Amino acid sequence: MSAVNERVATATPAIDDVPLPQAVRTGLNRRSLLIGLGVAVAVFLVGLAAPSVASSTYNQGILVSGAILGMVALSIAFLAHRSGLVSLGQTAFYGGAAYLVAIATTTWGWSPLAAGALGFFGAIVLAVIIGALCVRTPGMSFVMLTLAFGQALYQFVILDSVRKTTGAFDGLSVTFAPNTTFLGLTQSDIATPSKIWPLVWGCLVVIATIFWLAGRSRFGTLLEGIRENEERARFSGYNTYLPRLAAFTLSGAAAGVAGVLFAFTSAYVSPDVMTFSTAGNALIAAIVGGVGTLIGPVLGALVYVWGQNKFASTSGSNIDFYTGIALIIVLVFLPGGIVGSLERLFRWAKGRLRRRSS
Amino acid sequence: MNLAQLLNGISLGALLMIVSSGLAMIYGLRGVMNFSHGALYMVGAYVAFAVTTKVSFWFALIGAPLVLGVVGAILELAVFRRVEKRSPIEVALIAFGIALLIERGVVAIWGSNTKPVPAPAALSGTWTFLGTSYPSYRLVVIGIAFVVAIALVVWLWRSRTGLHIRAASHDGGTASVMGVNVDMMSLIVVCLGAALAGLAGTLAAPFVSADPSMDTAILINALIVVVVGGLGSIAGAMITGLALGILQVLGNVYVPSVAPLVPYALLIAIILWRPQGLAGTRTQ
């Protein structure tokens with residue numbers, strides 16, 4: 001079936017062959033591009049002040065963890081919003097990158113920068129492989145396949161037979177070789193939230209900007225077209241497989257960056273980073289915040305990390321109760337998440353005001 | 001190969017068979033991947049603990065499925081029916097949220113410690129079977145699970161209600177036009193699915209103990225079974241559940257180093273080879 005369709009698709013002259021002006025080809029005009037990049041730089045500069053606002057080390061630690069989880073949530077949101085693919089396996093790239101960093105620094109004695117690069121590129125390779133197998137089957141099957149890959153990797157790192165490499169349930173510490181630094185930061189600098197914040201915040205802003213650009217570009221429009229009606233997109237001469245694989249890989253790479261930063265800032269990687277509940281919590285943070293926005297998932301992740309610390313108790317964290325409630329309320333009553341709903345409310349109020357004044 | 005190992009596999013598979021058949025039934029009729037199914041199974045184990053300490057295990061065997069049937073009715077009437085127009089993934093995530101609430105509810109009532117449930121005294125010994133002695137309780141579990149599974153299949157294929165359920169699962173719109181009360185069938189199916197999860201939780205309690213983290217493991221396995229068996233196919237889920245239990249135990253015996261990966265490898269291989277699952281006719 002699909003083979004036949006692909007043949008039809010290649011027989012039709014592809015839209016790409018028709019010469020188009022630059023702006024139409026990328027879908028971005030110079031003006032909106034400049035405004036977007038300007039906003040990104042401004043947001044980055046303002047955000048640098050965050051540690052001085054959150055004065056205690058405890059609060060600064062929450063900011064750093066929240067921003068890292070925010071990258072994972074953002075990666076899930078990008079894929080869900082643009083492609084309609086809901087991933088429960090983002091922990092494979094997040095946790096996979098974190099484990100690669102831990103193994104490379106502690107076991108192999110690599111320099112932190114090389115270990116970080118290994119984690120990042122490892123996550124990309126993993127995303128290409130898993131994505132190549134998963135993105136063909138949308139809907140519930142995609143959820144199940146990503147869940148299976150994520151959990152398979154979790155089961156793999158806790159195997160007794162690889163205990164020497166991964167530490168099984170004990171996890172691995174991330175220890176820098178003596179006198180080595182990560183981009184000029186020593187291990188004790190990295191453990192200090194106010195010193196690592198500019199790097200973490202910078203990564204978050206860059207990721208958000210890339211997702212924004214990808215969403216605004218022709219690539220984003222194509223992804224949305226495929227999401228709405230794959231068959232029609234295919235009959236219109238588009239390859240519908242590669243764009244989705246590219247989106248999946250982009251999303252996996254962002255989760256990989258988060259994993260690298262997590263390994264460095266927490267100096268310890270345990271199988272917890274790959275559990276079903278970690279995957280679920282990142283997804284919930286994205287949905288509650290609002291998958292259609294860039295701020296929503298980050299805000300959702302920050303609130304989650306804050307709540308996780310606040311409601312921690314001896315009988316497991318009560319945060320699960322609140323996340324459960326928040327997830328149900330948002331899904332039932334606030335489609336679009338909290339930020340998405342606020343945006344709608346704002347637009348509605350603006351419309352009302354304009355109508356009244358005219 | 002060892003008969004005791006095979007029986008271990010069958011008893012594990014029998015539990016998976018019961019849990020997954022309920023999950024598959026709900027998916028077939030409601031189109032809902034019930035992510036709270038593992039939590040229902042866990043509640044079954046805790047109700048079994050409460051009833052066993054107060055009265056006896058035999059009451060729990062009847063009581064837990066009844067309690068869970070009521071929970072299923074609430075789930076259907078208060079949640080699934082209200083969101084039936086939403087996309088399947090949204091409803092699955094709502095069920096996931098409900099699972100989180102149930103889990104915290106269980107911890108609030110029973111605490112986070114593991115609660116051991118003793119097997120009834122009459123079944124605490126071993127029976128010798130073809131020269132192998134084996135815990136009699138597990139043999140009874142296998143027996144009960146098979147009786148329930150056969151009864152379910154006969155009921156679905158021989159009774160009028162079963163016919164209506166199959167019709168509604170196949171095509172709810174047409175069945176409704178032909179006079180099938182689809183809402184009623186959904187209620188029956190969700191109640192029954194939840195009751196089956198409760199029964200499995202009760203049966204499992206004496207050998208795994210009630211524990212607040214027991215829901216995730218069984219949920220993931222049951223989801224795998226339902227997808228591999230074929231979305232919505234009850235027979236497919238039953239056979240796959242039984243087979244997965246046996247495969248896991250055999251994996252532990254022959255390839256212990258990679259045994260935990262067996263279910264995932266199975267799922268990935270099957271979805272890529274047959275996206276609709278072994279016995280399935282649809283992919284969504």
# chains A, B, ... in the order shown; residues from 1 in each chain; ligands from 1
call {"tool": "select_by_dssp", "arguments": {"residues": "region 155-271 of chain A", "states": "strand (DSSP E)", "output": "list in words"}}
result
Leu172, Ser173, Tyr268 and Val269 of chain A
call {"tool": "interface_residues", "arguments": {"of": "chain B", "to": "chain A", "cutoff": "8 Å", "atoms": "only C-alpha atoms", "output": "PDB file with C-alpha atoms, in the first residue's frame"}}
result
ATOM      1  CA  VAL B  83     -14.852  12.496  27.285  1.00  0.00           C
ATOM      2  CA  PRO B  88      -7.956   8.380  22.085  1.00  0.00           C
ATOM      3  CA  ILE B  89      -4.586   9.733  23.252  1.00  0.00           C
ATOM      4  CA  GLU B  90      -6.214  12.449  25.371  1.00  0.00           C
ATOM      5  CA  LEU B  93      -3.719  10.470  29.348  1.00  0.00           C
ATOM      6  CA  ILE B  94      -6.781  11.262  31.464  1.00  0.00           C
ATOM      7  CA  PHE B  96      -3.052   8.034  33.338  1.00  0.00           C
ATOM      8  CA  GLY B  97      -3.941  10.981  35.595  1.00  0.00           C
ATOM      9  CA  ILE B  98      -6.580   8.846  37.301  1.00  0.00           C
ATOM     10  CA  ALA B  99      -3.971   6.147  37.886  1.00  0.00           C
ATOM     11  CA  LEU B 100      -1.783   8.698  39.700  1.00  0.00           C
ATOM     12  CA  LEU B 101      -4.732   9.669  41.928  1.00  0.00           C
ATOM     13  CA  ARG B 104      -1.829   8.185  46.048  1.00  0.00           C
ATOM     14  CA  VAL B 107      -0.876   5.071  49.893  1.00  0.00           C
ATOM     15  CA  GLY B 111       0.544   3.378  53.683  1.00  0.00           C
ATOM     16  CA  SER B 112       3.535   2.791  51.471  1.00  0.00           C
ATOM     17  CA  THR B 216       3.370   0.149  36.648  1.00  0.00           C
ATOM     18  CA  LEU B 223      -0.289  -2.727  27.331  1.00  0.00           C
ATOM     19  CA  ILE B 224       2.337  -4.706  25.454  1.00  0.00           C
ATOM     20  CA  VAL B 227      -0.910  -4.198  21.330  1.00  0.00           C
ATOM     21  CA  SER B 257      21.222 -11.740  31.188  1.00  0.00           C
ATOM     22  CA  VAL B 258      18.702 -10.240  28.762  1.00  0.00           C
ATOM     23  CA  PRO B 260      13.823  -8.395  31.093  1.00  0.00           C
ATOM     24  CA  LEU B 261      14.129  -7.127  27.525  1.00  0.00           C
ATOM     25  CA  TYR B 264       9.944  -5.054  24.623  1.00  0.00           C
ATOM     26  CA  ALA B 265      11.755  -6.907  21.877  1.00  0.00           C
ATOM     27  CA  LEU B 267       6.448  -5.640  21.041  1.00  0.00           C
ATOM     28  CA  ILE B 268       8.858  -3.816  18.748  1.00  0.00           C
ATOM     29  CA  ILE B 271       4.481  -3.765  15.633  1.00  0.00           C
ATOM     30  CA  LEU B 272       7.050  -3.375  12.885  1.00  0.00           C
ATOM     31  CA  PRO B 275       1.192  -2.959  12.970  1.00  0.00           C
ATOM     32  CA  THR B 283      -4.264  -0.123  13.744  1.00  0.00           C
ATOM     33  CA  GLN B 284      -5.894   2.728  15.635  1.00  0.00           C
TER      34      GLN B 284
END
call {"tool": "select_by_dssp", "arguments": {"residues": "region 138-353 of chain A", "states": "alpha helix (DSSP H)", "output": "number ranges by chain"}}
result
A: 140-157, 163-166, 187-190, 193-216, 218-228, 230-235, 241-266, 276-289, 295-310, 319-333, 337-353
call {"tool": "residues_around", "arguments": {"residues": "region 344-356 of chain A", "least_positions_apart": "5", "cutoff": "12 Å", "atoms": "only C-alpha atoms", "output": "PyMOL selection string"}}
result
chain A and resi 290+292-293+334-339
call {"tool": "residues_around", "arguments": {"residues": "region 48-64 of chain B", "least_positions_apart": "4", "cutoff": "6 Å", "atoms": "only C-alpha atoms", "output": "list in words"}}
result
Gly44, Val117, Gly198 and Thr202 of chain B
call {"tool": "residues_around", "arguments": {"residues": "region 178-192 of chain A", "least_positions_apart": "4", "cutoff": "6 Å", "atoms": "only C-alpha atoms", "output": "PDB file with C-alpha atoms, in the first residue's frame"}}
result
ATOM      1  CA  PRO A 112      34.128  16.668  30.228  1.00  0.00           C
ATOM      2  CA  LEU A 113      33.698  18.457  26.908  1.00  0.00           C
ATOM      3  CA  ILE A 196      25.931  26.884  35.805  1.00  0.00           C
ATOM      4  CA  THR A 265      24.721  19.347  37.371  1.00  0.00           C
TER       5      THR A 265
END
call {"tool": "residues_around", "arguments": {"residues": "region 89-94 of chain A", "least_positions_apart": "6", "cutoff": "6 Å", "atoms": "only C-alpha atoms", "output": "list in words"}}
result
Ala123, Thr146, Leu147, Gly150, Gly252, Ala255, Gly256, Gly259, Met274 and Ala279 of chain A
call {"tool": "write_last_selection", "arguments": {"atoms": "C-alpha atoms", "output": "compact mmCIF listing (two decimals), in the first residue's frame"}}
result
# COMPACT_ATOMS: atom_id res chain seq x y z
CA ALA A 123 21.25 10.94 21.77
CA THR A 146 8.19 5.00 22.18
CA LEU A 147 7.11 3.69 25.59
CA GLY A 150 12.21 3.96 26.57
CA GLY A 252 15.59 13.79 20.65
CA ALA A 255 16.28 15.94 25.19
CA GLY A 256 19.92 14.87 24.77
CA GLY A 259 20.47 14.78 29.64
CA MET A 274 14.70 6.47 32.52
CA ALA A 279 8.72 9.99 30.98
call {"tool": "closest_residue", "arguments": {"among": "B:Val262, B:Leu23, B:Val148, B:Asn2", "to": "Ser133 (chain B)", "atoms": "only C-alpha atoms"}}
result
B:Asn2
call {"tool": "residues_around", "arguments": {"residues": "Phe219 (chain A)", "least_positions_apart": "2", "cutoff": "12 Å", "atoms": "only C-alpha atoms", "output": "compact mmCIF listing (two decimals) with N, CA and C atoms, in the first residue's frame"}}
result
# COMPACT_ATOMS: atom_id res chain seq x y z
N VAL A 24 9.62 32.23 0.55
CA VAL A 24 8.62 31.18 0.46
C VAL A 24 9.27 29.82 0.68
N ARG A 25 10.51 29.68 0.18
CA ARG A 25 11.16 28.38 0.29
C ARG A 25 11.43 28.02 1.76
N THR A 26 11.89 28.97 2.56
CA THR A 26 12.14 28.66 3.96
C THR A 26 10.92 28.97 4.82
N GLY A 27 9.99 29.76 4.27
CA GLY A 27 8.82 30.13 5.05
C GLY A 27 9.11 31.22 6.06
N LEU A 28 10.31 31.80 6.02
CA LEU A 28 10.66 32.83 7.00
C LEU A 28 11.03 34.10 6.26
N ARG A 82 3.60 19.94 16.62
CA ARG A 82 3.81 20.06 15.17
C ARG A 82 3.49 18.78 14.42
N SER A 83 3.76 17.63 15.05
CA SER A 83 3.58 16.36 14.33
C SER A 83 2.41 15.54 14.84
N PHE A 211 13.20 25.56 17.99
CA PHE A 211 11.85 25.03 17.82
C PHE A 211 10.93 26.09 17.22
N TRP A 212 11.11 27.34 17.64
CA TRP A 212 10.29 28.41 17.10
C TRP A 212 10.55 28.57 15.60
N LEU A 213 11.85 28.60 15.24
CA LEU A 213 12.20 28.74 13.82
C LEU A 213 11.66 27.57 13.02
N ALA A 214 11.84 26.34 13.56
CA ALA A 214 11.38 25.15 12.85
C ALA A 214 9.87 25.20 12.67
N GLY A 215 9.16 25.67 13.70
CA GLY A 215 7.71 25.73 13.62
C GLY A 215 7.23 26.77 12.63
N ARG A 216 7.94 27.93 12.57
CA ARG A 216 7.52 29.00 11.68
C ARG A 216 7.89 28.74 10.23
N SER A 217 8.89 27.88 10.02
CA SER A 217 9.41 27.69 8.66
C SER A 217 8.48 26.79 7.84
N THR A 221 5.26 24.02 8.63
CA THR A 221 3.98 23.96 7.92
C THR A 221 3.76 22.58 7.32
N LEU A 222 4.85 22.05 6.74
CA LEU A 222 4.77 20.71 6.14
C LEU A 222 4.41 19.68 7.22
N LEU A 223 5.07 19.78 8.39
CA LEU A 223 4.78 18.85 9.49
C LEU A 223 3.31 18.92 9.87
N GLU A 224 2.78 20.14 9.93
CA GLU A 224 1.38 20.28 10.32
C GLU A 224 0.45 19.71 9.25
N GLY A 225 0.85 19.90 7.99
CA GLY A 225 0.07 19.32 6.91
C GLY A 225 0.03 17.80 7.01
N ILE A 226 1.18 17.21 7.32
CA ILE A 226 1.25 15.75 7.45
C ILE A 226 0.42 15.30 8.65
N TYR A 238 4.68 15.25 -1.39
CA TYR A 238 5.65 15.41 -0.31
C TYR A 238 6.06 14.05 0.23
N ASN A 239 7.32 13.98 0.62
CA ASN A 239 7.76 12.83 1.38
C ASN A 239 7.27 13.07 2.80
N THR A 240 6.46 12.14 3.34
CA THR A 240 5.89 12.39 4.66
C THR A 240 6.69 11.71 5.77
N LEU A 242 10.37 11.48 5.99
CA LEU A 242 11.58 12.20 6.40
C LEU A 242 11.30 13.42 7.28
N PRO A 243 10.31 14.25 6.96
CA PRO A 243 10.05 15.40 7.85
C PRO A 243 9.73 14.96 9.28
N ARG A 244 8.94 13.88 9.40
CA ARG A 244 8.61 13.43 10.74
C ARG A 244 9.84 12.87 11.46
N LEU A 245 10.69 12.17 10.68
CA LEU A 245 11.92 11.65 11.28
C LEU A 245 12.81 12.81 11.72
N ALA A 246 12.87 13.87 10.88
CA ALA A 246 13.68 15.04 11.24
C ALA A 246 13.15 15.69 12.51
N ALA A 247 11.81 15.81 12.61
CA ALA A 247 11.22 16.42 13.81
C ALA A 247 11.54 15.56 15.03
